[in-house]
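What follows is the content of input-v6.cif (mmCIF, C-alpha atoms).
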data_model
#
loop_
_atom_site.group_PDB
_atom_site.id
_atom_site.type_symbol
_atom_site.label_atom_id
_atom_site.label_comp_id
_atom_site.auth_asym_id
_atom_site.auth_seq_id
_atom_site.Cartn_x
_atom_site.Cartn_y
_atom_site.Cartn_z
ATOM 1 C CA MET A 213 18.476 -89.798 -26.050
ATOM 2 C CA SER A 214 17.489 -88.918 -29.580
ATOM 3 C CA VAL A 215 16.524 -85.467 -30.799
ATOM 4 C CA GLU A 216 13.362 -85.216 -32.862
ATOM 5 C CA SER A 217 13.402 -83.197 -36.032
ATOM 6 C CA SER A 218 10.955 -80.298 -36.104
ATOM 7 C CA ASP A 219 9.886 -81.579 -39.526
ATOM 8 C CA LEU A 220 7.872 -84.269 -37.701
ATOM 9 C CA PHE A 221 5.669 -81.768 -35.855
ATOM 10 C CA ALA A 222 2.439 -80.178 -37.043
ATOM 11 C CA GLY A 223 2.610 -76.847 -38.820
ATOM 12 C CA ASP A 224 5.023 -75.298 -41.262
ATOM 13 C CA PRO A 225 8.685 -75.721 -40.320
ATOM 14 C CA ASP A 226 10.376 -72.337 -39.951
ATOM 15 C CA GLY A 227 13.962 -73.568 -39.838
ATOM 16 C CA MET A 228 14.428 -72.366 -36.255
ATOM 17 C CA GLU A 229 15.938 -74.696 -33.668
ATOM 18 C CA ARG A 230 14.326 -74.432 -30.240
ATOM 19 C CA LEU A 231 15.883 -75.225 -26.894
ATOM 20 C CA TRP A 232 13.462 -75.941 -24.082
ATOM 21 C CA THR A 233 14.287 -74.888 -20.505
ATOM 22 C CA PRO A 234 11.472 -76.239 -18.307
ATOM 23 C CA HIS A 235 13.647 -75.968 -15.175
ATOM 24 C CA ARG A 236 13.097 -72.170 -15.297
ATOM 25 C CA MET A 237 9.380 -72.651 -14.496
ATOM 26 C CA VAL A 238 10.227 -72.973 -10.769
ATOM 27 C CA TYR A 239 11.456 -69.368 -10.902
ATOM 28 C CA LEU A 240 8.743 -68.084 -13.249
ATOM 29 C CA ASN A 241 5.978 -69.641 -11.126
ATOM 30 C CA LYS A 242 7.547 -68.251 -7.929
ATOM 31 C CA GLU A 243 8.073 -71.750 -6.530
ATOM 32 C CA ASP A 244 11.551 -70.782 -5.293
ATOM 33 C CA GLY A 245 10.368 -69.557 -1.880
ATOM 34 C CA ARG A 246 10.132 -65.841 -2.715
ATOM 35 C CA THR A 247 7.625 -63.800 -0.719
ATOM 36 C CA GLY A 248 6.875 -60.159 -1.351
ATOM 37 C CA CYS A 249 8.582 -57.957 -3.878
ATOM 38 C CA PRO A 250 12.355 -58.475 -3.837
ATOM 39 C CA PHE A 251 12.906 -54.985 -5.281
ATOM 40 C CA CYS A 252 11.004 -53.431 -2.365
ATOM 41 C CA VAL A 253 12.763 -55.572 0.250
ATOM 42 C CA ALA A 254 16.352 -55.122 -1.032
ATOM 43 C CA PRO A 255 16.689 -51.377 -0.222
ATOM 44 C CA GLU A 256 15.669 -52.094 3.384
ATOM 45 C CA ARG A 257 18.771 -54.276 3.811
ATOM 46 C CA PRO A 258 22.456 -53.319 3.968
ATOM 47 C CA ASP A 259 23.933 -53.037 0.468
ATOM 48 C CA GLU A 260 25.917 -56.274 0.786
ATOM 49 C CA ASP A 261 22.869 -58.295 1.884
ATOM 50 C CA GLY A 262 20.516 -56.667 -0.629
ATOM 51 C CA LEU A 263 23.117 -56.968 -3.430
ATOM 52 C CA ILE A 264 22.780 -53.239 -4.068
ATOM 53 C CA VAL A 265 25.607 -51.682 -6.054
ATOM 54 C CA HIS A 266 24.474 -48.047 -5.883
ATOM 55 C CA ARG A 267 21.606 -46.053 -4.362
ATOM 56 C CA GLY A 268 20.305 -43.012 -6.197
ATOM 57 C CA THR A 269 17.522 -40.604 -5.271
ATOM 58 C CA HIS A 270 14.659 -42.260 -7.183
ATOM 59 C CA ALA A 271 16.247 -45.543 -8.307
ATOM 60 C CA PHE A 272 18.939 -48.025 -7.323
ATOM 61 C CA VAL A 273 21.259 -50.537 -8.999
ATOM 62 C CA ILE A 274 21.081 -54.161 -7.871
ATOM 63 C CA MET A 275 22.736 -57.430 -8.863
ATOM 64 C CA ASN A 276 20.458 -59.978 -10.532
ATOM 65 C CA LEU A 277 20.084 -62.984 -8.225
ATOM 66 C CA TYR A 278 19.577 -65.183 -11.318
ATOM 67 C CA PRO A 279 22.163 -63.631 -13.679
ATOM 68 C CA TYR A 280 22.486 -64.435 -17.363
ATOM 69 C CA ASN A 281 26.150 -63.378 -17.151
ATOM 70 C CA SER A 282 28.549 -62.216 -14.461
ATOM 71 C CA GLY A 283 27.834 -58.575 -13.755
ATOM 72 C CA HIS A 284 24.146 -58.805 -14.760
ATOM 73 C CA ILE A 285 22.605 -55.874 -12.913
ATOM 74 C CA MET A 286 19.268 -54.105 -12.882
ATOM 75 C CA VAL A 287 18.128 -50.545 -12.283
ATOM 76 C CA CYS A 288 14.897 -50.259 -10.294
ATOM 77 C CA PRO A 289 12.870 -47.339 -8.995
ATOM 78 C CA TYR A 290 12.344 -47.403 -5.238
ATOM 79 C CA ARG A 291 8.637 -46.881 -5.811
ATOM 80 C CA HIS A 292 6.646 -50.063 -6.470
ATOM 81 C CA VAL A 293 5.472 -49.376 -10.015
ATOM 82 C CA SER A 294 4.951 -52.048 -12.666
ATOM 83 C CA THR A 295 5.523 -50.414 -16.047
ATOM 84 C CA TYR A 296 7.643 -47.715 -17.625
ATOM 85 C CA ASP A 297 4.651 -45.570 -18.568
ATOM 86 C CA LEU A 298 3.650 -45.371 -14.881
ATOM 87 C CA ALA A 299 7.094 -44.152 -13.775
ATOM 88 C CA THR A 300 7.528 -40.457 -13.019
ATOM 89 C CA VAL A 301 9.671 -38.194 -15.175
ATOM 90 C CA GLU A 302 12.268 -38.165 -12.375
ATOM 91 C CA GLU A 303 12.301 -41.969 -12.121
ATOM 92 C CA VAL A 304 12.681 -42.360 -15.890
ATOM 93 C CA ALA A 305 15.532 -39.826 -15.967
ATOM 94 C CA GLU A 306 17.398 -41.519 -13.129
ATOM 95 C CA ILE A 307 16.859 -45.017 -14.531
ATOM 96 C CA GLY A 308 18.375 -43.767 -17.798
ATOM 97 C CA SER A 309 21.265 -42.004 -16.082
ATOM 98 C CA LEU A 310 22.071 -44.997 -13.859
ATOM 99 C CA THR A 311 21.936 -47.287 -16.896
ATOM 100 C CA GLN A 312 24.534 -45.118 -18.668
ATOM 101 C CA ILE A 313 26.779 -45.057 -15.602
ATOM 102 C CA ALA A 314 26.358 -48.808 -15.104
ATOM 103 C CA MET A 315 27.499 -49.453 -18.671
ATOM 104 C CA ARG A 316 30.646 -47.377 -18.088
ATOM 105 C CA VAL A 317 31.310 -49.042 -14.723
ATOM 106 C CA LEU A 318 30.840 -52.559 -16.127
ATOM 107 C CA THR A 319 33.141 -51.798 -19.053
ATOM 108 C CA GLU A 320 35.852 -50.425 -16.766
ATOM 109 C CA ALA A 321 35.499 -53.080 -14.062
ATOM 110 C CA THR A 322 35.024 -56.190 -16.205
ATOM 111 C CA GLY A 323 36.314 -55.388 -19.684
ATOM 112 C CA CYS A 324 33.012 -56.323 -21.319
ATOM 113 C CA VAL A 325 32.648 -55.366 -24.987
ATOM 114 C CA GLY A 326 28.863 -55.108 -25.341
ATOM 115 C CA PHE A 327 25.526 -55.150 -23.528
ATOM 116 C CA ASN A 328 22.005 -56.443 -23.658
ATOM 117 C CA LEU A 329 19.617 -53.849 -22.217
ATOM 118 C CA GLY A 330 15.949 -54.402 -21.686
ATOM 119 C CA MET A 331 12.724 -54.161 -19.760
ATOM 120 C CA ASN A 332 10.310 -57.071 -19.870
ATOM 121 C CA GLN A 333 6.956 -55.642 -18.837
ATOM 122 C CA GLY A 334 4.095 -57.973 -18.086
ATOM 123 C CA GLU A 335 4.010 -61.736 -17.751
ATOM 124 C CA VAL A 336 3.529 -62.317 -21.489
ATOM 125 C CA ALA A 337 6.659 -60.248 -22.193
ATOM 126 C CA GLY A 338 8.758 -62.497 -19.974
ATOM 127 C CA ALA A 339 8.892 -60.429 -16.800
ATOM 128 C CA GLY A 340 9.879 -62.732 -13.956
ATOM 129 C CA ILE A 341 8.912 -60.004 -11.488
ATOM 130 C CA GLN A 342 6.211 -58.092 -13.306
ATOM 131 C CA GLU A 343 4.995 -56.047 -10.350
ATOM 132 C CA HIS A 344 8.120 -53.868 -10.086
ATOM 133 C CA LEU A 345 9.740 -52.088 -13.023
ATOM 134 C CA HIS A 346 13.384 -52.977 -13.647
ATOM 135 C CA GLN A 347 15.892 -52.344 -16.430
ATOM 136 C CA HIS A 348 18.276 -55.254 -17.166
ATOM 137 C CA ILE A 349 21.891 -54.508 -18.028
ATOM 138 C CA VAL A 350 23.714 -57.665 -19.114
ATOM 139 C CA PRO A 351 27.408 -57.298 -19.957
ATOM 140 C CA ARG A 352 28.653 -59.350 -22.899
ATOM 141 C CA TRP A 353 32.048 -60.600 -24.028
ATOM 142 C CA HIS A 354 33.199 -62.320 -27.194
ATOM 143 C CA ASN A 355 32.378 -66.051 -27.021
ATOM 144 C CA ASP A 356 30.455 -65.827 -23.716
ATOM 145 C CA ALA A 357 27.452 -67.800 -24.998
ATOM 146 C CA ASN A 358 27.313 -71.586 -25.020
ATOM 147 C CA PHE A 359 24.868 -74.439 -24.501
ATOM 148 C CA PHE A 360 26.100 -75.330 -21.011
ATOM 149 C CA PRO A 361 23.043 -73.859 -19.211
ATOM 150 C CA ILE A 362 20.578 -75.697 -21.432
ATOM 151 C CA ILE A 363 22.218 -79.098 -21.646
ATOM 152 C CA ALA A 364 23.864 -79.354 -18.232
ATOM 153 C CA LYS A 365 21.576 -77.017 -16.231
ATOM 154 C CA THR A 366 24.786 -75.212 -15.283
ATOM 155 C CA LYS A 367 25.976 -71.651 -15.872
ATOM 156 C CA ALA A 368 29.686 -70.995 -15.658
ATOM 157 C CA MET A 369 29.973 -67.781 -13.645
ATOM 158 C CA PRO A 370 33.560 -66.608 -13.119
ATOM 159 C CA ARG A 371 32.685 -64.408 -10.107
ATOM 160 C CA LEU A 372 30.384 -64.794 -7.119
ATOM 161 C CA LEU A 373 27.530 -62.272 -6.761
ATOM 162 C CA GLY A 374 29.040 -60.697 -3.647
ATOM 163 C CA GLU A 375 32.458 -60.331 -5.287
ATOM 164 C CA MET A 376 30.915 -58.743 -8.381
ATOM 165 C CA ARG A 377 28.760 -56.383 -6.274
ATOM 166 C CA GLU A 378 31.854 -55.245 -4.375
ATOM 167 C CA LEU A 379 33.843 -54.766 -7.606
ATOM 168 C CA LEU A 380 31.116 -52.676 -9.232
ATOM 169 C CA ALA A 381 30.458 -50.646 -6.070
ATOM 170 C CA ARG A 382 34.197 -49.805 -5.878
ATOM 171 C CA HIS A 383 34.177 -48.651 -9.498
ATOM 172 C CA TRP A 384 30.940 -46.615 -9.179
ATOM 173 C CA PRO A 385 31.740 -42.878 -9.465
ATOM 174 C CA ALA A 386 31.223 -40.912 -6.248
ATOM 175 C CA GLU A 387 29.534 -37.975 -7.988
ATOM 176 C CA SER A 388 26.559 -39.965 -9.323
#
Turn this file's structure into structure tokens for me.
Amino acid sequence: MSVESSDLFAGDPDGMERLWTPHRMVYLNKEDGRTGCPFCVAPERPDEDGLIVHRGTHAFVIMNLYPYNSGHIMVCPYRHVSTYDLATVEEVAEIGSLTQIAMRVLTEATGCVGFNLGMNQGEVAGAGIQEHLHQHIVPRWHNDANFFPIIAKTKAMPRLLGEMRELLARHWPAES
């Protein structure tokens, strides 16, 4: 298999290398068997089955079923709302508070040294589930990035989702 140089394509080369991941389209196009909103269904299940780490008053913390890294969690309001500007003041405050706590818990429980935080809102912004607002919290460690997922369609995850959910739930402070 040879790799084509971007110099051969139309347009002005920008010097950026691009890695294509067409296998993700199954997830993005909802061809993975999902029905309904997973963020509305999860709180109806026991924490272990719903992968819920912590339940707050207006929002909850849940493991990402398709994590970018071990410990990749999300904070979601219970209410089915699509964008941050539609969230109530109480929802915004609790999403922020739970994000701060989650960062402390992940640092203590996993020894991570950094984070990627973000909300992708709308299909064009990359939201895989655009109908329900969610804040991503992805823990990061030195040298945790590699090309394994792109080339081998494999992600090395040192812990299973259930194990990580249990670890984070045990470290979650009781007073939050």
When you look at Ala305 (chain A) with a cut-off of 10 Å (counting all atoms listed in the file), what residues show up, excluding the ones that are within fewer than 6 positions of it in the same chain? I need them as a CSV table (one decimal) with C-alpha atoms, in the frame of the given file.
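This went into result_12.csv:
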chain,number,residue,atom,x,y,z
A,270,HIS,CA,14.7,-42.3,-7.2
A,271,ALA,CA,16.2,-45.5,-8.3
A,299,ALA,CA,7.1,-44.2,-13.8
A,311,THR,CA,21.9,-47.3,-16.9
Within 8 Å of Val325 (chain A), counting all atoms listed in the file, which residues show up once you throw out same-chain ones fewer than 2 positions away? Write them as a ChimeraX atom specification, please. /A:319,323,327,351-354
Restricting to all atoms listed in the file, whichever of A:Leu345, A:Arg371, A:Arg382, A:Glu320 is closest to Val304 (chain A) is A:Leu345
Which residues are near Val317 (chain A)? Cut-off 8 Å, only C-alpha atoms, ignore same chain within fewer than 3 positions. Put them as a PyMOL selection string. chain A and resi 313-314+320-321+380+383-384
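Of note, CA of Leu277 (chain A) and CA of Gly262 (chain A) are spaced 9.9 Å apart.
Using only C-alpha atoms, the smallest distance between any of A:Gly338, A:Thr322, A:Met275, A:His344 and Ser294 (chain A) comes from A:His344.
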Using all atoms of region 329-343 of chain A listed in the file and a margin of 6 Å per side, can you give the axis-aligned box centre and edge lengths in Å to one decimal, as lines of an AutoDock Vina configuration file?
center_x = 11.6
center_y = -58.3
center_z = -16.3
size_x = 28.1
size_y = 20.9
size_z = 23.9
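In this structure, CA of Ala386 (chain A) sits 13.5 Å away from CA of Arg316 (chain A).
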Region 331-337 of chain A: which residues within 6 Å, counting all atoms listed in the file, same-chain residues fewer than 2 positions away excluded, as a list in words?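 Surrounding residues, per the criterion: Ala339, Gln342 and Gln347 of chain A.
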Residue members of the PyMOL selection byres ((chain A and resi 252-261) around 12) in the file shown, as a PDB file with C-alpha atoms, keeping the file's coordinate frame:
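Generated file (result_35.pdb):
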ATOM      1  CA  ARG A 246      10.132 -65.841  -2.715  1.00  0.00           C
ATOM      2  CA  THR A 247       7.625 -63.800  -0.719  1.00  0.00           C
ATOM      3  CA  GLY A 248       6.875 -60.159  -1.351  1.00  0.00           C
ATOM      4  CA  CYS A 249       8.582 -57.957  -3.878  1.00  0.00           C
ATOM      5  CA  PRO A 250      12.355 -58.475  -3.837  1.00  0.00           C
ATOM      6  CA  PHE A 251      12.906 -54.985  -5.281  1.00  0.00           C
ATOM      7  CA  GLY A 262      20.516 -56.667  -0.629  1.00  0.00           C
ATOM      8  CA  LEU A 263      23.117 -56.968  -3.430  1.00  0.00           C
ATOM      9  CA  ILE A 264      22.780 -53.239  -4.068  1.00  0.00           C
ATOM     10  CA  VAL A 265      25.607 -51.682  -6.054  1.00  0.00           C
ATOM     11  CA  HIS A 266      24.474 -48.047  -5.883  1.00  0.00           C
ATOM     12  CA  ARG A 267      21.606 -46.053  -4.362  1.00  0.00           C
ATOM     13  CA  GLY A 268      20.305 -43.012  -6.197  1.00  0.00           C
ATOM     14  CA  THR A 269      17.522 -40.604  -5.271  1.00  0.00           C
ATOM     15  CA  HIS A 270      14.659 -42.260  -7.183  1.00  0.00           C
ATOM     16  CA  ALA A 271      16.247 -45.543  -8.307  1.00  0.00           C
ATOM     17  CA  PHE A 272      18.939 -48.025  -7.323  1.00  0.00           C
ATOM     18  CA  VAL A 273      21.259 -50.537  -8.999  1.00  0.00           C
ATOM     19  CA  ILE A 274      21.081 -54.161  -7.871  1.00  0.00           C
ATOM     20  CA  MET A 275      22.736 -57.430  -8.863  1.00  0.00           C
ATOM     21  CA  ASN A 276      20.458 -59.978 -10.532  1.00  0.00           C
ATOM     22  CA  LEU A 277      20.084 -62.984  -8.225  1.00  0.00           C
ATOM     23  CA  CYS A 288      14.897 -50.259 -10.294  1.00  0.00           C
ATOM     24  CA  PRO A 289      12.870 -47.339  -8.995  1.00  0.00           C
ATOM     25  CA  TYR A 290      12.344 -47.403  -5.238  1.00  0.00           C
ATOM     26  CA  ARG A 291       8.637 -46.881  -5.811  1.00  0.00           C
ATOM     27  CA  HIS A 292       6.646 -50.063  -6.470  1.00  0.00           C
ATOM     28  CA  VAL A 293       5.472 -49.376 -10.015  1.00  0.00           C
ATOM     29  CA  ILE A 341       8.912 -60.004 -11.488  1.00  0.00           C
ATOM     30  CA  GLU A 343       4.995 -56.047 -10.350  1.00  0.00           C
ATOM     31  CA  HIS A 344       8.120 -53.868 -10.086  1.00  0.00           C
ATOM     32  CA  LEU A 345       9.740 -52.088 -13.023  1.00  0.00           C
ATOM     33  CA  HIS A 346      13.384 -52.977 -13.647  1.00  0.00           C
ATOM     34  CA  LEU A 373      27.530 -62.272  -6.761  1.00  0.00           C
ATOM     35  CA  GLY A 374      29.040 -60.697  -3.647  1.00  0.00           C
ATOM     36  CA  GLU A 375      32.458 -60.331  -5.287  1.00  0.00           C
ATOM     37  CA  MET A 376      30.915 -58.743  -8.381  1.00  0.00           C
ATOM     38  CA  ARG A 377      28.760 -56.383  -6.274  1.00  0.00           C
ATOM     39  CA  GLU A 378      31.854 -55.245  -4.375  1.00  0.00           C
ATOM     40  CA  LEU A 379      33.843 -54.766  -7.606  1.00  0.00           C
ATOM     41  CA  LEU A 380      31.116 -52.676  -9.232  1.00  0.00           C
ATOM     42  CA  ALA A 381      30.458 -50.646  -6.070  1.00  0.00           C
TER      43      ALA A 381
END
